[in-house]
file model-v4.txt (compact mmCIF, C-alpha atoms and all ligand atoms)
# COMPACT_ATOMS: atom_id res chain seq x y z
CA MET G 1 131.30 85.11 177.44
CA LYS G 2 128.08 86.90 178.27
CA LEU G 3 126.28 86.64 181.59
CA LEU G 4 122.82 87.60 182.80
CA VAL G 5 122.05 88.90 186.30
CA VAL G 6 118.37 88.92 187.29
CA GLY G 7 117.16 91.73 189.55
CA SER G 8 117.20 95.49 190.01
CA GLY G 9 118.63 96.25 193.44
CA GLY G 10 121.91 97.30 194.98
CA ARG G 11 122.75 93.63 195.43
CA GLU G 12 122.43 93.04 191.70
CA HIS G 13 124.44 96.18 190.91
CA ALA G 14 127.25 94.80 193.10
CA ILE G 15 127.04 91.26 191.66
CA ALA G 16 127.02 92.46 188.06
CA TRP G 17 129.85 94.96 188.66
CA ARG G 18 132.05 92.23 190.16
CA LEU G 19 131.21 89.69 187.45
CA ALA G 20 132.06 92.21 184.74
CA GLN G 21 135.59 92.47 186.18
CA SER G 22 136.36 88.86 185.34
CA PRO G 23 138.78 88.76 182.40
CA ARG G 24 136.67 86.01 180.82
CA ILE G 25 133.49 88.08 180.71
CA GLN G 26 132.68 90.42 177.81
CA LYS G 27 129.32 91.67 178.96
CA VAL G 28 126.87 91.31 181.83
CA PHE G 29 123.21 91.95 181.09
CA VAL G 30 121.09 93.02 184.05
CA ALA G 31 117.34 92.37 183.90
CA PRO G 32 115.77 94.78 184.54
CA GLY G 33 118.63 96.64 186.30
CA ASN G 34 118.53 100.24 187.54
CA GLY G 35 120.02 103.68 186.93
CA GLY G 36 123.38 102.53 188.29
CA THR G 37 123.72 99.39 186.20
CA ALA G 38 122.66 101.45 183.16
CA ARG G 39 125.77 103.60 183.56
CA GLU G 40 128.32 100.99 184.65
CA ALA G 41 131.01 99.90 182.18
CA GLY G 42 130.52 96.35 180.94
CA LEU G 43 126.86 96.19 181.99
CA GLU G 44 123.72 96.58 179.94
CA ASN G 45 120.13 96.69 181.17
CA VAL G 46 117.41 94.66 179.51
CA ALA G 47 113.80 95.48 180.29
CA ILE G 48 112.60 91.95 181.02
CA SER G 49 111.21 90.49 184.23
CA ALA G 50 108.97 87.53 183.32
CA ILE G 51 110.73 84.22 183.89
CA ASP G 52 109.92 82.63 180.51
CA LYS G 53 110.97 85.81 178.69
CA LEU G 54 114.27 85.74 180.58
CA ALA G 55 114.81 82.17 179.41
CA GLU G 56 114.08 83.19 175.81
CA PHE G 57 116.54 86.06 176.14
CA ALA G 58 119.23 83.79 177.60
CA ARG G 59 118.82 81.41 174.67
CA ALA G 60 118.71 84.13 172.00
CA GLU G 61 121.77 85.97 173.40
CA ASN G 62 123.70 82.78 174.02
CA ILE G 63 124.13 83.65 177.70
CA TYR G 64 126.75 81.40 179.28
CA LEU G 65 125.34 81.62 182.81
CA THR G 66 122.50 83.39 184.62
CA VAL G 67 122.82 84.52 188.26
CA VAL G 68 119.61 85.28 190.15
CA GLY G 69 119.61 88.06 192.76
CA PRO G 70 116.19 88.27 194.44
CA GLU G 71 113.95 85.69 196.05
CA ALA G 72 110.78 86.20 193.98
CA PRO G 73 112.03 84.57 190.73
CA LEU G 74 113.66 81.76 192.74
CA ALA G 75 110.39 81.09 194.58
CA GLY G 76 108.68 81.33 191.21
CA GLY G 77 110.79 78.48 189.80
CA ILE G 78 113.21 80.32 187.49
CA VAL G 79 115.96 77.76 188.15
CA ASP G 80 113.68 74.81 187.38
CA LEU G 81 112.53 76.46 184.13
CA PHE G 82 116.04 77.37 182.92
CA ARG G 83 117.35 73.91 183.73
CA SER G 84 114.44 72.25 181.94
CA ARG G 85 115.51 74.20 178.84
CA GLY G 86 119.17 73.29 179.23
CA LEU G 87 120.22 76.80 180.29
CA ARG G 88 122.93 77.26 182.94
CA ILE G 89 121.72 79.15 185.99
CA LEU G 90 122.98 79.63 189.55
CA GLY G 91 120.39 79.44 192.33
CA PRO G 92 118.26 77.02 194.33
CA THR G 93 115.25 75.27 192.81
CA GLN G 94 111.72 76.25 193.76
CA ALA G 95 111.60 73.37 196.25
CA CYS G 96 114.83 74.51 197.95
CA ALA G 97 113.70 78.14 197.89
CA ARG G 98 110.83 77.20 200.24
CA LEU G 99 113.39 77.77 202.99
CA GLU G 100 112.68 81.42 202.35
CA SER G 101 109.26 81.45 200.69
CA SER G 102 107.53 79.68 203.58
CA LYS G 103 108.56 80.39 207.14
CA GLN G 104 106.49 77.42 208.27
CA PHE G 105 108.39 75.12 205.88
CA ALA G 106 111.69 76.56 207.15
CA LYS G 107 110.76 76.05 210.80
CA GLU G 108 109.55 72.49 210.23
CA PHE G 109 112.68 71.73 208.17
CA MET G 110 114.88 72.99 211.01
CA ILE G 111 113.04 70.81 213.50
CA ARG G 112 113.36 67.75 211.21
CA HIS G 113 117.09 68.28 210.94
CA GLY G 114 117.96 69.46 214.44
CA ILE G 115 118.95 73.01 213.43
CA PRO G 116 118.75 75.44 216.37
CA THR G 117 115.94 78.02 216.15
CA ALA G 118 113.23 79.61 218.33
CA GLU G 119 110.17 77.55 219.32
CA PHE G 120 107.16 78.31 217.15
CA SER G 121 103.61 77.55 216.12
CA SER G 122 101.78 78.46 212.91
CA PHE G 123 98.18 79.53 212.42
CA ASP G 124 95.76 80.24 209.62
CA THR G 125 92.96 81.47 211.85
CA ALA G 126 93.16 84.60 213.96
CA SER G 127 91.36 83.22 217.02
CA ALA G 128 93.92 80.43 217.52
CA ALA G 129 96.79 82.90 216.98
CA HIS G 130 95.33 85.29 219.58
CA ALA G 131 94.90 82.45 222.08
CA TYR G 132 98.55 81.40 221.57
CA ILE G 133 99.74 84.95 222.21
CA ASP G 134 97.67 85.14 225.41
CA ALA G 135 99.05 81.82 226.58
CA HIS G 136 102.69 82.68 225.84
CA GLY G 137 102.95 86.34 226.82
CA THR G 138 105.50 88.83 225.45
CA PRO G 139 107.94 89.58 224.00
CA ILE G 140 106.82 87.43 221.09
CA VAL G 141 107.45 87.53 217.33
CA VAL G 142 104.70 87.45 214.70
CA LYS G 143 105.72 86.63 211.10
CA ALA G 144 103.81 86.37 207.86
CA ASP G 145 104.47 82.92 206.39
CA GLY G 146 105.21 84.08 202.84
CA LEU G 147 107.52 86.55 201.09
CA ALA G 148 107.12 90.10 202.39
CA ALA G 149 110.39 91.86 201.43
CA GLY G 150 111.55 91.97 205.05
CA LYS G 151 108.38 93.73 206.14
CA GLY G 152 106.38 90.75 207.42
CA VAL G 153 107.92 90.47 210.89
CA VAL G 154 106.71 92.18 214.05
CA VAL G 155 108.74 91.84 217.23
CA ALA G 156 106.00 92.61 219.75
CA THR G 157 106.85 93.86 223.22
CA SER G 158 103.20 94.13 224.29
CA ALA G 159 100.31 91.70 223.84
CA ASP G 160 98.37 94.48 222.20
CA GLU G 161 101.06 94.90 219.52
CA ALA G 162 101.14 91.14 218.88
CA HIS G 163 97.34 90.94 218.56
CA ARG G 164 97.34 93.90 216.19
CA ALA G 165 100.01 92.24 214.03
CA VAL G 166 97.83 89.13 213.73
CA GLU G 167 94.84 91.25 212.76
CA ARG G 168 96.83 93.20 210.17
CA ILE G 169 98.49 90.20 208.56
CA LEU G 170 95.83 87.50 208.83
CA VAL G 171 92.53 89.42 208.86
CA GLU G 172 93.16 92.66 206.98
CA ARG G 173 95.63 90.87 204.67
CA SER G 174 97.92 93.88 204.58
CA LEU G 175 100.60 91.71 202.89
CA GLY G 176 98.20 89.89 200.57
CA ALA G 177 98.59 86.14 200.14
CA ALA G 178 101.96 86.19 201.97
CA GLY G 179 99.89 86.67 205.10
CA SER G 180 97.40 83.82 204.72
CA ARG G 181 99.24 82.12 207.57
CA VAL G 182 101.29 83.46 210.46
CA VAL G 183 104.20 81.90 212.29
CA ILE G 184 104.46 83.00 215.92
CA GLU G 185 107.77 82.35 217.58
CA GLY G 186 109.62 82.90 220.81
CA PHE G 187 111.69 86.05 221.18
CA LEU G 188 115.45 85.50 220.96
CA ASP G 189 117.78 87.94 222.63
CA GLY G 190 121.34 88.61 221.51
CA GLU G 191 123.29 90.02 218.59
CA GLU G 192 122.43 89.34 214.97
CA ALA G 193 124.76 88.30 212.16
CA SER G 194 124.25 87.36 208.53
CA PHE G 195 126.07 84.19 207.51
CA ILE G 196 126.06 83.69 203.77
CA VAL G 197 127.58 80.81 201.84
CA LEU G 198 127.83 79.71 198.25
CA ALA G 199 126.72 76.06 198.01
CA ASP G 200 127.16 73.44 195.28
CA GLY G 201 124.78 70.82 196.69
CA GLU G 202 127.47 69.22 198.78
CA HIS G 203 130.24 71.69 199.66
CA VAL G 204 130.01 75.25 200.86
CA LEU G 205 132.18 78.31 200.50
CA PRO G 206 131.40 80.75 203.33
CA LEU G 207 131.52 84.38 202.28
CA ALA G 208 132.83 87.10 204.61
CA THR G 209 130.44 87.60 207.52
CA SER G 210 128.26 90.66 207.75
CA GLN G 211 125.58 92.36 209.75
CA ASP G 212 122.71 94.49 208.56
CA HIS G 213 120.41 96.95 210.29
CA LYS G 214 116.79 96.05 209.64
CA ARG G 215 115.06 98.84 211.53
CA LEU G 216 114.31 102.15 209.84
CA LYS G 217 115.52 104.49 212.58
CA ASP G 218 118.69 105.16 214.57
CA GLY G 219 119.12 103.07 217.69
CA ASP G 220 117.36 100.12 215.96
CA LYS G 221 113.96 101.76 216.38
CA GLY G 222 111.02 102.01 214.02
CA PRO G 223 109.60 99.41 211.63
CA ASN G 224 111.55 96.59 210.01
CA THR G 225 112.74 97.30 206.47
CA GLY G 226 114.62 95.37 203.80
CA GLY G 227 117.81 96.69 205.46
CA MET G 228 119.12 100.23 206.05
CA GLY G 229 122.84 99.47 206.02
CA ALA G 230 125.37 96.73 206.60
CA TYR G 231 129.00 96.07 207.33
CA SER G 232 131.50 93.27 206.94
CA PRO G 233 133.02 91.49 208.80
CA ALA G 234 130.69 90.98 211.79
CA PRO G 235 132.99 90.91 214.85
CA VAL G 236 130.43 88.85 216.78
CA VAL G 237 131.29 85.86 214.56
CA THR G 238 134.53 84.59 216.10
CA PRO G 239 136.49 81.80 214.33
CA GLU G 240 135.01 79.26 216.79
CA LEU G 241 131.49 80.45 216.17
CA HIS G 242 132.15 80.44 212.43
CA ALA G 243 133.08 76.75 212.57
CA ARG G 244 130.04 75.96 214.69
CA VAL G 245 127.65 77.71 212.31
CA VAL G 246 129.00 75.73 209.36
CA ARG G 247 128.82 72.47 211.31
CA GLU G 248 125.52 72.92 213.15
CA ILE G 249 123.51 75.03 210.72
CA ILE G 250 124.84 75.26 207.16
CA GLN G 251 125.98 71.67 206.58
CA PRO G 252 122.76 70.23 208.11
CA VAL G 253 120.73 72.34 205.65
CA LEU G 254 122.56 70.86 202.67
CA ALA G 255 122.49 67.34 204.10
CA GLY G 256 118.80 67.73 205.03
CA MET G 257 117.90 68.92 201.53
CA THR G 258 119.80 66.04 199.94
CA GLU G 259 118.05 63.61 202.28
CA GLU G 260 114.71 65.07 201.16
CA GLY G 261 115.62 64.57 197.52
CA GLN G 262 116.82 68.11 196.74
CA ARG G 263 120.29 69.47 196.10
CA TYR G 264 120.82 72.98 197.40
CA THR G 265 122.92 75.03 194.99
CA GLY G 266 123.39 78.78 194.96
CA PHE G 267 123.65 81.27 197.78
CA LEU G 268 122.25 80.41 201.18
CA TYR G 269 121.82 83.07 203.82
CA ALA G 270 121.27 82.25 207.47
CA GLY G 271 120.09 85.17 209.59
CA LEU G 272 121.42 84.33 213.05
CA MET G 273 120.85 85.47 216.60
CA ILE G 274 123.89 84.88 218.81
CA ASP G 275 122.93 84.69 222.50
CA GLY G 276 125.01 85.93 225.44
CA SER G 277 126.79 82.58 225.73
CA GLY G 278 127.74 82.58 222.06
CA ASN G 279 125.15 80.05 220.86
CA PRO G 280 123.78 80.66 217.36
CA ARG G 281 120.11 80.21 216.47
CA VAL G 282 118.47 80.73 213.08
CA LEU G 283 116.06 83.66 212.73
CA GLU G 284 115.46 83.09 209.04
CA PHE G 285 116.88 81.56 205.91
CA ASN G 286 117.12 83.38 202.63
CA CYS G 287 117.81 81.52 199.43
CA ARG G 288 119.96 84.29 197.97
CA LEU G 289 122.49 86.95 198.87
CA GLY G 290 121.36 89.69 201.24
CA ASP G 291 120.65 93.27 200.28
CA PRO G 292 122.44 95.42 201.50
CA GLU G 293 124.94 92.87 202.93
CA THR G 294 126.17 92.01 199.42
CA GLN G 295 127.42 95.53 198.81
CA PRO G 296 130.04 95.55 201.63
CA ILE G 297 130.80 91.85 201.14
CA LEU G 298 131.52 92.14 197.42
CA LEU G 299 133.45 95.39 197.87
CA ARG G 300 135.83 93.27 199.99
CA LEU G 301 136.01 90.30 197.60
CA LYS G 302 139.39 90.04 195.90
CA SER G 303 138.84 86.71 194.15
CA ASP G 304 137.16 86.48 190.75
CA LEU G 305 133.44 86.08 191.54
CA PHE G 306 132.84 84.34 188.23
CA GLU G 307 135.51 81.72 189.05
CA LEU G 308 133.89 81.02 192.41
CA ILE G 309 130.49 80.60 190.79
CA GLU G 310 131.97 78.31 188.14
CA HIS G 311 133.25 76.06 190.92
CA ALA G 312 129.77 76.02 192.47
CA MET G 313 128.21 75.07 189.14
CA ASP G 314 130.71 72.22 188.75
CA GLY G 315 130.28 70.88 192.32
CA LYS G 316 133.90 71.74 193.11
CA LEU G 317 133.64 74.37 195.83
CA ASP G 318 135.93 72.28 198.04
CA ARG G 319 138.76 73.16 195.64
CA VAL G 320 138.58 76.92 195.93
CA LYS G 321 139.07 79.63 198.53
CA ALA G 322 137.83 83.19 198.50
CA GLU G 323 140.25 86.02 199.19
CA TRP G 324 139.04 89.09 201.04
CA ASP G 325 140.35 92.62 201.41
CA ARG G 326 141.63 92.85 204.98
CA ARG G 327 139.87 96.16 205.37
CA ALA G 328 136.32 96.35 206.69
CA ALA G 329 133.48 97.65 204.52
CA LEU G 330 130.37 99.51 205.52
CA GLY G 331 127.33 100.51 203.46
CA VAL G 332 124.73 103.16 204.28
CA VAL G 333 121.36 102.93 202.52
CA LEU G 334 119.81 106.18 201.37
CA ALA G 335 116.06 105.63 201.22
CA ALA G 336 113.22 107.61 199.67
CA ALA G 337 110.73 109.64 201.70
CA GLY G 338 107.88 107.40 202.83
CA TYR G 339 109.95 104.18 202.83
CA PRO G 340 109.06 101.46 203.79
CA ASP G 341 105.29 102.01 203.47
CA ALA G 342 104.86 104.32 200.48
CA PRO G 343 108.17 105.47 198.97
CA LYS G 344 108.08 108.62 196.90
CA LYS G 345 109.47 108.30 193.36
CA GLY G 346 110.72 110.53 190.59
CA ASP G 347 113.03 112.90 192.51
CA VAL G 348 116.33 113.89 190.90
CA VAL G 349 119.46 112.64 192.69
CA THR G 350 122.33 115.14 192.72
CA GLY G 351 125.90 115.09 193.97
CA LEU G 352 126.66 111.50 192.99
CA PRO G 353 130.45 111.27 193.26
CA ALA G 354 132.84 109.62 190.82
CA THR G 355 134.00 106.32 192.28
CA GLY G 356 137.07 106.32 194.53
CA GLU G 357 139.55 103.58 195.41
CA ASP G 358 137.93 103.15 198.81
CA PHE G 359 134.22 103.56 198.06
CA ARG G 360 131.44 102.83 195.60
CA VAL G 361 127.86 104.00 195.38
CA PHE G 362 125.64 101.07 194.47
CA HIS G 363 122.23 101.93 193.05
CA SER G 364 118.93 100.29 194.02
CA GLY G 365 115.74 102.22 193.36
CA THR G 366 117.03 104.55 190.65
CA ALA G 367 116.29 105.08 186.98
CA LEU G 368 117.76 107.26 184.26
CA LYS G 369 115.44 109.96 182.94
CA ASP G 370 116.54 112.55 180.40
CA GLY G 371 120.14 111.88 181.43
CA PHE G 372 119.40 112.41 185.15
CA VAL G 373 119.40 109.80 187.89
CA VAL G 374 115.96 109.83 189.54
CA THR G 375 114.54 107.85 192.47
CA SER G 376 112.32 104.92 191.51
CA GLY G 377 112.02 102.79 194.63
CA GLY G 378 112.23 102.63 198.42
CA ARG G 379 115.93 102.00 198.91
CA VAL G 380 117.63 104.33 196.46
CA LEU G 381 121.41 104.02 196.96
CA CYS G 382 123.89 102.17 199.14
CA VAL G 383 127.05 104.19 199.76
CA THR G 384 129.70 101.61 200.59
CA ALA G 385 133.25 102.35 201.79
CA LEU G 386 136.36 100.45 202.87
CA GLY G 387 138.48 101.32 205.90
CA ASP G 388 141.11 99.85 208.19
CA SER G 389 138.42 99.34 210.81
CA ILE G 390 134.64 99.45 210.78
CA LYS G 391 134.88 102.88 212.37
CA VAL G 392 137.12 104.18 209.57
CA ALA G 393 134.88 102.65 206.91
CA GLN G 394 131.90 104.23 208.67
CA ARG G 395 133.51 107.68 208.66
CA ARG G 396 134.39 107.38 204.97
CA ALA G 397 130.91 106.20 203.97
CA TYR G 398 129.23 109.09 205.80
CA GLU G 399 131.65 111.58 204.20
CA VAL G 400 130.49 110.38 200.80
CA VAL G 401 126.82 110.45 201.88
CA GLU G 402 127.20 114.15 202.79
CA GLY G 403 127.49 115.19 199.16
CA ILE G 404 124.42 113.31 197.86
CA ARG G 405 120.98 114.87 197.79
CA PHE G 406 117.42 114.08 196.78
CA ALA G 407 114.09 115.31 198.12
CA GLY G 408 113.04 113.57 201.34
CA MET G 409 116.19 111.43 201.55
CA GLN G 410 116.26 109.42 204.80
CA TYR G 411 119.10 107.37 206.22
CA ARG G 412 120.40 106.12 209.53
CA ARG G 413 123.30 107.99 211.11
CA ASP G 414 124.44 105.02 213.17
CA ILE G 415 125.19 102.15 210.77
CA GLY G 416 127.88 100.01 212.42
CA HIS G 417 127.23 101.38 215.91
CA ARG G 418 127.39 97.98 217.60
CA ALA G 419 130.67 96.96 216.03
CA VAL G 420 132.20 100.36 216.72
CA ALA G 421 131.09 100.19 220.38
CA ALA G 422 132.35 96.61 220.76
CA ARG G 423 135.84 97.68 219.67
CA ARG G 424 135.93 100.47 222.17
CA SER G 425 135.16 98.26 225.18
P1 LIG G 501 113.35 87.74 209.72
O1 LIG G 501 112.89 88.35 208.42
O2 LIG G 501 112.64 86.50 210.09
O3 LIG G 501 114.84 87.66 209.83
O4 LIG G 501 113.02 88.83 210.81
C1 LIG G 501 113.40 90.19 210.66
C2 LIG G 501 114.03 90.70 211.92
O5 LIG G 501 113.14 90.54 213.03
C3 LIG G 501 115.28 89.94 212.33
O6 LIG G 501 116.41 90.42 211.68
C4 LIG G 501 115.32 90.22 213.81
O7 LIG G 501 115.83 91.51 214.08
C5 LIG G 501 113.88 90.20 214.19
N1 LIG G 501 113.49 88.85 214.63
C6 LIG G 501 112.99 87.85 213.87
N2 LIG G 501 112.74 86.76 214.60
C7 LIG G 501 113.08 87.05 215.85
C8 LIG G 501 113.08 86.32 217.08
N3 LIG G 501 112.62 85.07 217.15
N4 LIG G 501 113.53 86.95 218.18
C9 LIG G 501 113.97 88.22 218.13
N5 LIG G 501 114.00 88.97 217.02
C10 LIG G 501 113.56 88.40 215.89
N1 LIG G 502 119.17 92.41 204.41
C1 LIG G 502 118.33 91.32 204.67
C2 LIG G 502 117.95 90.55 203.49
O1 LIG G 502 118.49 90.67 202.42
O2 LIG G 502 117.07 89.73 203.63
call {"tool": "encode", "arguments": {"input": "model-v4.txt", "output": "structure tokens"}}
result
Amino acid sequence: MKLLVVGSGGREHAIAWRLAQSPRIQKVFVAPGNGGTAREAGLENVAISAIDKLAEFARAENIYLTVVGPEAPLAGGIVDLFRSRGLRILGPTQACARLESSKQFAKEFMIRHGIPTAEFSSFDTASAAHAYIDAHGTPIVVKADGLAAGKGVVVATSADEAHRAVERILVERSLGAAGSRVVIEGFLDGEEASFIVLADGEHVLPLATSQDHKRLKDGDKGPNTGGMGAYSPAPVVTPELHARVVREIIQPVLAGMTEEGQRYTGFLYAGLMIDGSGNPRVLEFNCRLGDPETQPILLRLKSDLFELIEHAMDGKLDRVKAEWDRRAALGVVLAAAGYPDAPKKGDVVTGLPATGEDFRVFHSGTALKDGFVVTSGGRVLCVTALGDSIKVAQRRAYEVVEGIRFAGMQYRRDIGHRAVAARRS
């Protein structure tokens, strides 16, 4: 059987690599893929991105199933289009993907269905947004309503910062149409965790928990990014909390969607803030796997990913369990100079190691040029390692990072710091 994975990031490299290991799969096409998927056994890149062209390709190549990585094609209706042409595809419909593509929709959906989240208001004029900020004080969180690749959120500690965020997003339109509306919400304190499940419309299969690091700089400073590193599991998610999240957040999303005439299938990602008393609240929903969370999560997956997805397609996720490597995994993102604002491209990457039993280097923004791997995007690589604890996985990942070079490479030195500190105390 042949499969198609849509996307070009480290997440898609990890998904396609795992799918290709299934004994039932002959080949996994990745569209458009990157320099890593180009070199991986069992994978083949295809230079297609437009949704209708992907559908034509899937038909022509007799693709058994398509798996969609990123949010943009989901929000653009790729699942609806494939289904209308009788093509098998895993992912939520455009209507379900609004959980990610409109923060206002997500917040209103959570209120309708009693899902815990921060209080909020949304605005399409700057004057009303400014007045709300003045009335509520700081800290306060300003978010662009639409898709902004993780860069549309400002956690403002001063009123000045909040007002400037409104001006940038709503008036200067720094994020384009994604910023034609802002959601302003209350600041939530606590520890974050990413809770990702595979859903079949009715049942869910929770994946291993994880935590990413959204800020660019060590110590969680600097601007928000798509994610600078991640590890799995997230110790903050105890078994009790795990059960609560499924019961109070994940199941209500599926039930709420069904009630509103939609069936949620595919991956669902809840970004959570866990407060000091252990109560979870939703920061955001994503309608897909996380990047870079997927890299450590899938490095730990021992079950056949294709089998799990087959169960989701057939509405039988209640009949399957996922098996995980007992070791922890940790991934460090190596980003290009200038990321996240204006990443530099075209630099040669050297020192890429051969894969070891306990690590893999997943590619994101890379391309092959004259036989060399060169940078071609903001997040370039995610060096992901396994270890008996998060600390051991962390040490191993940074050992591997040491050997890799490209001009202007930037990365955080402290991925996993919270989990490592929590173990010590
Ligand atoms: P989002 O894309 O909505 O998850 O926001 C990106 C990041 O901003 C989150 O991972 C949090 O670190 C932070 N954030 C978002 N919303 C809030 C909030 N209400 N309170 C505190 N931090 C937040
Ligand atoms: N790492 C956060 C995300 O994928 O949205």
call {"tool": "residues_near_ligand", "arguments": {"input": "model-v4.txt", "ligand": "ligand LIG 502 (chain G)", "cutoff": "12 Å", "atoms": "all atoms listed in the file", "output": "PyMOL selection string"}}
result
chain G and resi 9-12+69-71+100-101+147-153+192-196+210-215+224-231+267-272+283-296+331+333+379
call {"tool": "atom_distance", "arguments": {"input": "model-v4.txt", "atom1": "atom CA of Leu3 of chain G", "atom2": "atom CA of Ser49 of chain G"}}
result
15.8 Å
call {"tool": "closest_residue", "arguments": {"input": "model-v4.txt", "among": "G:Ile140, G:Leu305, G:Ile89, G:Val349", "to": "ligand LIG 501 (chain G)", "atoms": "only C-alpha atoms and all ligand atoms"}}
result
G:Ile140
call {"tool": "atom_distance", "arguments": {"input": "model-v4.txt", "atom1": "atom CA of Gly76 of chain G", "atom2": "atom CA of Ala58 of chain G"}}
result
17.4 Å
call {"tool": "closest_residue", "arguments": {"input": "model-v4.txt", "among": "G:Ala177, G:Ile169, G:Ile274, G:Ala131", "to": "ligand LIG 501 (chain G)", "atoms": "only C-alpha atoms and all ligand atoms"}}
result
G:Ile274
call {"tool": "closest_residue", "arguments": {"input": "model-v4.txt", "among": "G:Leu216, G:Leu205, G:Leu298, G:Ala255", "to": "ligand LIG 501 (chain G)", "atoms": "only C-alpha atoms and all ligand atoms"}}
result
G:Leu216
call {"tool": "axis_aligned_box", "arguments": {"input": "model-v4.txt", "around": "segment 148-152 of chain G", "padding_each_side": "3 Å", "output": "lines of an AutoDock Vina configuration file"}}
result
center_x = 109.0
center_y = 91.9
center_z = 204.4
size_x = 11.2
size_y = 9.6
size_z = 12.0
call {"tool": "atom_distance", "arguments": {"input": "model-v4.txt", "atom1": "atom CA of Gln410 of chain G", "atom2": "atom CA of Lys344 of chain G"}}
result
11.4 Å
call {"tool": "residues_around", "arguments": {"input": "model-v4.txt", "residues": "His417 of chain G", "least_positions_apart": "4", "cutoff": "10 Å", "atoms": "only C-alpha atoms", "output": "list in words"}}
result
His213, Asp218, Gly219, Asp220, Ile390, Lys391, Gln394, Arg413, Ala421 and Ala422 of chain G
call {"tool": "decode", "arguments": {"input": "model-v4.txt", "residues": "segment 241-254 of chain G", "atoms": "N, CA and C atoms", "output": "JSON list (two decimals), in the first residue's frame"}}
result
[["chain", "number", "residue", "atom", "x", "y", "z"],
["G", 241, "LEU", "N", -4.85, 13.58, 36.67],
["G", 241, "LEU", "CA", -5.07, 14.72, 35.77],
["G", 241, "LEU", "C", -5.37, 14.22, 34.36],
["G", 242, "HIS", "N", -4.68, 13.18, 33.95],
["G", 242, "HIS", "CA", -4.89, 12.60, 32.63],
["G", 242, "HIS", "C", -6.37, 12.23, 32.45],
["G", 243, "ALA", "N", -6.91, 11.54, 33.46],
["G", 243, "ALA", "CA", -8.32, 11.11, 33.39],
["G", 243, "ALA", "C", -9.25, 12.32, 33.35],
["G", 244, "ARG", "N", -8.92, 13.34, 34.13],
["G", 244, "ARG", "CA", -9.74, 14.55, 34.15],
["G", 244, "ARG", "C", -9.74, 15.26, 32.81],
["G", 245, "VAL", "N", -8.57, 15.34, 32.19],
["G", 245, "VAL", "CA", -8.48, 16.04, 30.90],
["G", 245, "VAL", "C", -9.34, 15.33, 29.85],
["G", 246, "VAL", "N", -9.27, 14.00, 29.86],
["G", 246, "VAL", "CA", -10.10, 13.25, 28.89],
["G", 246, "VAL", "C", -11.58, 13.52, 29.18],
["G", 247, "ARG", "N", -11.94, 13.47, 30.45],
["G", 247, "ARG", "CA", -13.36, 13.59, 30.83],
["G", 247, "ARG", "C", -13.89, 15.01, 30.68],
["G", 248, "GLU", "N", -13.09, 16.00, 31.08],
["G", 248, "GLU", "CA", -13.61, 17.37, 31.15],
["G", 248, "GLU", "C", -13.28, 18.22, 29.93],
["G", 249, "ILE", "N", -12.33, 17.75, 29.12],
["G", 249, "ILE", "CA", -11.93, 18.58, 27.97],
["G", 249, "ILE", "C", -12.08, 17.81, 26.65],
["G", 250, "ILE", "N", -11.43, 16.67, 26.55],
["G", 250, "ILE", "CA", -11.38, 15.98, 25.25],
["G", 250, "ILE", "C", -12.75, 15.41, 24.86],
["G", 251, "GLN", "N", -13.35, 14.64, 25.76],
["G", 251, "GLN", "CA", -14.66, 14.05, 25.43],
["G", 251, "GLN", "C", -15.71, 15.12, 25.15],
["G", 252, "PRO", "N", -15.77, 16.21, 25.95],
["G", 252, "PRO", "CA", -16.74, 17.27, 25.63],
["G", 252, "PRO", "C", -16.51, 17.91, 24.25],
["G", 253, "VAL", "N", -15.26, 17.94, 23.77],
["G", 253, "VAL", "CA", -15.05, 18.48, 22.42],
["G", 253, "VAL", "C", -15.73, 17.57, 21.40],
["G", 254, "LEU", "N", -15.50, 16.26, 21.51],
["G", 254, "LEU", "CA", -16.09, 15.34, 20.54],
["G", 254, "LEU", "C", -17.61, 15.35, 20.64]]
